[in-house]
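> Input: one structure, supplied below.
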Amino acid sequence: MRIDVITIFPGLIEPFRTTSLLGAACRDGIVELVVHDLREFTKDRHRTVDDTPYGGGPGMVMRPEPLIEAIEALAGPKGETRKARVLLLSPQGRRLDQGWAQELAREEHLVLVCGRYEGVDQRVIEIAVDEEVSIGDYVLAGGELPALVLIEAVTRLVPGVMGNPESAEAESFQTGMLEGPQFTRPAEYRGIEVPAVLRSGDHQAIARWRAEQAHAVTKRRRPDLLGRGRGEEER
Ligand code: SAM
């Protein structure tokens, strides 16, 4: 999978590219993450990427020309022939969830566009962006952290990135439920013992216990995932 990130702050993305699971995936050639400085796509002496909003108001808006030129240089023009999927990080976008991350993990090429200031000129969205992605109902100063959230959620699902592919299978949301409690050594800590079943070596009993726990924690914390409303749960 190739991921291109367009940003005015390449330094925010770079350390993430070389660290931990993603760092290993990039070194192993499973993921290619390329960061582009938007200012390289400007033509004026001051490398301007923003301007004041039409109609007045506070702050600055990202100009369309450098963004659209950067996107088209990396993904080609929007339309049926485009192979890459161009995603603009935006609080107004569709909320990222595990199901969408799974779908994006099957793509060969993503281009992620990070906004800053008050956001991007609407023509960027209309002319060059395929979809807008939000990481939640709150507003951050820029799209770099949202892009990193998306990159981590998606790339860990790309085959070969996680050492053990089974790791993802029982995880929260992957199964439509939350994952149950987990324990490691020591067997007893500050009076709290690891449940005996987990130490029994009985794999069927362990699988049964884990399924029951996953169901119980989901019912308690996120009944909506089980297809029931919270009101019903609270009665
Ligand atoms: N004025 C915009 C609005 O009210 O919708 C918010 C702009 S925000 C300050 C600047 C940039 O941060 C956005 O263009 C976007 O790239 C990014 N951003 C902020 N919050 C985000 C979120 N929840 N999800 C994804 N991107 C976000």
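We label chains A, B, ... in the order they appear in the structure tokens, count residues from 1 in each chain, and number ligands from 1 in the order shown.
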Looking only at the backbone, which of the residues in range 82-127 of chain A does DSSP tag as helix (DSSP H, G or I), as a VMD selection string?
chain A and resid 98 to 104 122 to 127
> Any chance you could export the current selection's N, CA and C atoms as a PDB file, in the first residue's frame?

```
ATOM      1  N   GLN A  98     -14.020   1.255  12.403  1.00  0.00           N
ATOM      2  CA  GLN A  98     -13.220   0.068  12.078  1.00  0.00           C
ATOM      3  C   GLN A  98     -13.615  -0.527  10.727  1.00  0.00           C
ATOM      4  N   GLY A  99     -14.930  -0.487  10.435  1.00  0.00           N
ATOM      5  CA  GLY A  99     -15.402  -1.040   9.160  1.00  0.00           C
ATOM      6  C   GLY A  99     -14.800  -0.287   7.982  1.00  0.00           C
ATOM      7  N   TRP A 100     -14.749   1.020   8.111  1.00  0.00           N
ATOM      8  CA  TRP A 100     -14.193   1.826   7.015  1.00  0.00           C
ATOM      9  C   TRP A 100     -12.677   1.625   6.953  1.00  0.00           C
ATOM     10  N   ALA A 101     -12.048   1.513   8.119  1.00  0.00           N
ATOM     11  CA  ALA A 101     -10.592   1.255   8.135  1.00  0.00           C
ATOM     12  C   ALA A 101     -10.286  -0.062   7.413  1.00  0.00           C
ATOM     13  N   GLN A 102     -11.128  -1.071   7.641  1.00  0.00           N
ATOM     14  CA  GLN A 102     -10.931  -2.369   6.959  1.00  0.00           C
ATOM     15  C   GLN A 102     -11.036  -2.216   5.444  1.00  0.00           C
ATOM     16  N   GLU A 103     -12.033  -1.420   5.042  1.00  0.00           N
ATOM     17  CA  GLU A 103     -12.226  -1.200   3.604  1.00  0.00           C
ATOM     18  C   GLU A 103     -11.020  -0.447   3.019  1.00  0.00           C
ATOM     19  N   LEU A 104     -10.546   0.577   3.724  1.00  0.00           N
ATOM     20  CA  LEU A 104      -9.407   1.360   3.222  1.00  0.00           C
ATOM     21  C   LEU A 104      -8.126   0.532   3.194  1.00  0.00           C
ATOM     22  N   GLN A 122     -13.546  25.516  -0.821  1.00  0.00           N
ATOM     23  CA  GLN A 122     -14.533  24.481  -1.198  1.00  0.00           C
ATOM     24  C   GLN A 122     -14.226  23.849  -2.559  1.00  0.00           C
ATOM     25  N   ARG A 123     -13.568  24.628  -3.447  1.00  0.00           N
ATOM     26  CA  ARG A 123     -13.299  24.087  -4.791  1.00  0.00           C
ATOM     27  C   ARG A 123     -12.314  22.930  -4.766  1.00  0.00           C
ATOM     28  N   VAL A 124     -11.486  22.874  -3.722  1.00  0.00           N
ATOM     29  CA  VAL A 124     -10.569  21.727  -3.589  1.00  0.00           C
ATOM     30  C   VAL A 124     -11.390  20.454  -3.448  1.00  0.00           C
ATOM     31  N   ILE A 125     -12.425  20.532  -2.621  1.00  0.00           N
ATOM     32  CA  ILE A 125     -13.283  19.365  -2.359  1.00  0.00           C
ATOM     33  C   ILE A 125     -14.019  18.969  -3.641  1.00  0.00           C
ATOM     34  N   GLU A 126     -14.568  19.971  -4.303  1.00  0.00           N
ATOM     35  CA  GLU A 126     -15.363  19.659  -5.498  1.00  0.00           C
ATOM     36  C   GLU A 126     -14.508  19.144  -6.656  1.00  0.00           C
ATOM     37  N   ILE A 127     -13.333  19.740  -6.821  1.00  0.00           N
ATOM     38  CA  ILE A 127     -12.526  19.406  -8.008  1.00  0.00           C
ATOM     39  C   ILE A 127     -11.648  18.171  -7.784  1.00  0.00           C
TER      40      ILE A 127
END
```
> Per residue of chain A within 7 Å of ligand 1, record the nearest atom pair and its distance in Å to one decimal, counting only C-alpha atoms and all ligand atoms, with rows in chain order and ascending residue number, as a tab-separated table.

```
residue	atom	partner	partner_atom_place_in_ligand_line	distance
A:Leu88	CA	ligand 1	16 (O)	6.6
A:Leu89	CA	ligand 1	26 (N)	4.1
A:Ser90	CA	ligand 1	26 (N)	3.6
A:Pro91	CA	ligand 1	22 (C)	3.7
A:Gln92	CA	ligand 1	5 (O)	5.6
A:Cys114	CA	ligand 1	16 (O)	4.6
A:Gly115	CA	ligand 1	16 (O)	3.3
A:Arg116	CA	ligand 1	10 (C)	4.1
A:Tyr117	CA	ligand 1	10 (C)	5.1
A:Glu118	CA	ligand 1	1 (N)	4.1
A:Gly119	CA	ligand 1	14 (O)	3.6
A:Val120	CA	ligand 1	14 (O)	5.9
A:Val133	CA	ligand 1	25 (C)	5.9
A:Ser134	CA	ligand 1	24 (N)	3.5
A:Ile135	CA	ligand 1	24 (N)	4.2
A:Gly136	CA	ligand 1	23 (N)	4.6
A:Asp137	CA	ligand 1	23 (N)	5.5
A:Tyr138	CA	ligand 1	23 (N)	4.9
A:Val139	CA	ligand 1	20 (N)	3.7
A:Leu140	CA	ligand 1	19 (C)	3.8
A:Ala141	CA	ligand 1	9 (C)	4.3
A:Gly142	CA	ligand 1	12 (O)	3.2
A:Gly143	CA	ligand 1	16 (O)	3.6
A:Pro146	CA	ligand 1	25 (C)	5.1
```
> Have a look at A:Thr42, A:Ala153, A:His109, A:Leu148 and name the one nearest to Arg82 in chain A; count only C-alpha atoms.
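Ranking A:Thr42, A:Ala153, A:His109, A:Leu148 by distance to Arg82 in chain A, first place goes to A:His109.
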> When DSSP works through the backbone of this structure, what residues of range 186-216 of chain A end up as strand (DSSP E or B), shown as JSON, numbers by chain?
{"A": [188, 189, 192, 193]}
> Would you write out those residues with N, CA, C and O atoms, as a CSV table (one decimal), in the first residue's frame?

```
chain,number,residue,atom,x,y,z
A,188,GLU,N,-1.1,-13.2,40.3
A,188,GLU,CA,-1.9,-12.4,41.4
A,188,GLU,C,-1.1,-11.1,41.6
A,188,GLU,O,0.1,-11.1,41.7
A,189,TYR,N,-1.9,-10.0,41.6
A,189,TYR,CA,-1.3,-8.7,41.9
A,189,TYR,C,-2.2,-7.9,42.7
A,189,TYR,O,-3.4,-7.7,42.4
A,192,ILE,N,-5.6,-9.2,43.4
A,192,ILE,CA,-6.5,-9.5,42.2
A,192,ILE,C,-5.8,-10.6,41.5
A,192,ILE,O,-4.7,-10.5,41.0
A,193,GLU,N,-6.6,-11.7,41.4
A,193,GLU,CA,-6.1,-12.9,40.7
A,193,GLU,C,-6.5,-13.0,39.2
A,193,GLU,O,-7.6,-12.5,38.9
```
> Taking only C-alpha atoms into account, produce a table as a tab-separated table in which each residue of range 142-173 of chain A with an atom at most 12 Å from an atom of range 199-220 of chain A appears once, together with its shortest atom pair and the distance in Å to one decimal, ordered by chain and rising number.

```
residue	atom	partner	partner_atom	distance
A:Ala170	CA	A:Ala214	CA	9.2
A:Glu171	CA	A:Ala214	CA	9.7
A:Ser172	CA	A:Ala214	CA	8.7
A:Phe173	CA	A:Thr218	CA	9.9
```
> I'd like to know which of A:Glu65, A:Asp51, A:Glu179, A:Glu108 is closest to Ile30 in chain A, using only C-alpha atoms.
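Once distances to Ile30 in chain A are computed over only C-alpha atoms, the minimum belongs to A:Glu108.
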> Which residues are near Lys83 in chain A? Cut-off 12 Å, only C-alpha atoms, ignore same chain within fewer than 6 positions. Put them as a ChimeraX atom specification.
/A:2,72,74-77,107-111,130
> Kindly export the residues of the current selection with N, CA and C atoms, as an mmCIF file, in the first residue's frame.

```cif
data_model
loop_
_atom_site.group_PDB
_atom_site.id
_atom_site.type_symbol
_atom_site.label_atom_id
_atom_site.label_comp_id
_atom_site.auth_asym_id
_atom_site.auth_seq_id
_atom_site.Cartn_x
_atom_site.Cartn_y
_atom_site.Cartn_z
ATOM 1 N N ARG A 2 0.480 2.208 -0.845
ATOM 2 C CA ARG A 2 1.202 3.492 -0.818
ATOM 3 C C ARG A 2 0.273 4.565 -0.248
ATOM 4 N N GLU A 72 -3.451 16.415 -7.823
ATOM 5 C CA GLU A 72 -3.464 15.884 -9.203
ATOM 6 C C GLU A 72 -2.096 15.329 -9.603
ATOM 7 N N LEU A 74 -0.199 13.714 -7.656
ATOM 8 C CA LEU A 74 -0.032 12.418 -6.987
ATOM 9 C C LEU A 74 -1.087 11.395 -7.383
ATOM 10 N N ALA A 75 -2.294 11.872 -7.687
ATOM 11 C CA ALA A 75 -3.406 10.937 -7.908
ATOM 12 C C ALA A 75 -4.044 11.067 -9.281
ATOM 13 N N GLY A 76 -3.658 12.083 -10.036
ATOM 14 C CA GLY A 76 -4.319 12.329 -11.316
ATOM 15 C C GLY A 76 -5.630 13.059 -11.077
ATOM 16 N N PRO A 77 -6.306 13.442 -12.177
ATOM 17 C CA PRO A 77 -7.566 14.176 -12.014
ATOM 18 C C PRO A 77 -8.652 13.272 -11.441
ATOM 19 N N GLU A 107 -7.218 -0.837 -0.129
ATOM 20 C CA GLU A 107 -6.811 0.073 -1.226
ATOM 21 C C GLU A 107 -5.316 -0.052 -1.486
ATOM 22 N N GLU A 108 -4.929 0.223 -2.721
ATOM 23 C CA GLU A 108 -3.486 0.199 -3.028
ATOM 24 C C GLU A 108 -2.835 1.555 -2.840
ATOM 25 N N HIS A 109 -3.626 2.614 -2.968
ATOM 26 C CA HIS A 109 -3.025 3.953 -2.939
ATOM 27 C C HIS A 109 -3.995 4.956 -2.314
ATOM 28 N N LEU A 110 -3.582 5.547 -1.208
ATOM 29 C CA LEU A 110 -4.371 6.610 -0.579
ATOM 30 C C LEU A 110 -3.596 7.915 -0.654
ATOM 31 N N VAL A 111 -4.294 8.999 -0.895
ATOM 32 C CA VAL A 111 -3.674 10.331 -0.803
ATOM 33 C C VAL A 111 -4.453 11.090 0.279
ATOM 34 N N ASP A 130 -12.020 12.886 -3.167
ATOM 35 C CA ASP A 130 -13.024 11.821 -3.324
ATOM 36 C C ASP A 130 -13.945 11.729 -2.109
#
```
> I need the residue nearest Phe41 in chain A from this list: A:Ile13, A:Ala147, A:Met177, A:Ile6. Use only C-alpha atoms for the distance.
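Among A:Ile13, A:Ala147, A:Met177, A:Ile6, it is A:Ile6 that comes nearest to Phe41 in chain A.
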> For CA of Leu67 in chain A and CA of Leu38 in chain A, quote the distance in Å rounded to one decimal.
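Computed distance, CA of Leu67 in chain A to CA of Leu38 in chain A, equals 6.9 Å.
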> Would you pick out the contacts of Gly160 in chain A at 10 Å or less, using only C-alpha atoms, so that residues sharing its chain but fewer than 6 positions from it are not included, and give the list as a ChimeraX atom specification?
/A:25,28,30-31
> Got a sec: who's within 12 Å of Ala187 in chain A, counting only C-alpha atoms, leaving out chain neighbours fewer than 6 positions off, as a count of residues only?
7
> Considering only C-alpha atoms, can you say which of A:Leu178, A:Ala70, A:Ala84, A:Ala105 comes closest to Thr155 in chain A?
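Nearest to Thr155 in chain A: A:Ala105.
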> Between CA of Pro159 in chain A and CA of Thr184 in chain A, measure the distance and give it in Å to one decimal.
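These atoms are spaced 26.3 Å apart.
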> Between A:Met1, A:Leu145, A:Leu87, A:Ala24, single out the one closest to Met162 in chain A, counting only C-alpha atoms.
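Of all the options, A:Ala24 lies closest to Met162 in chain A.
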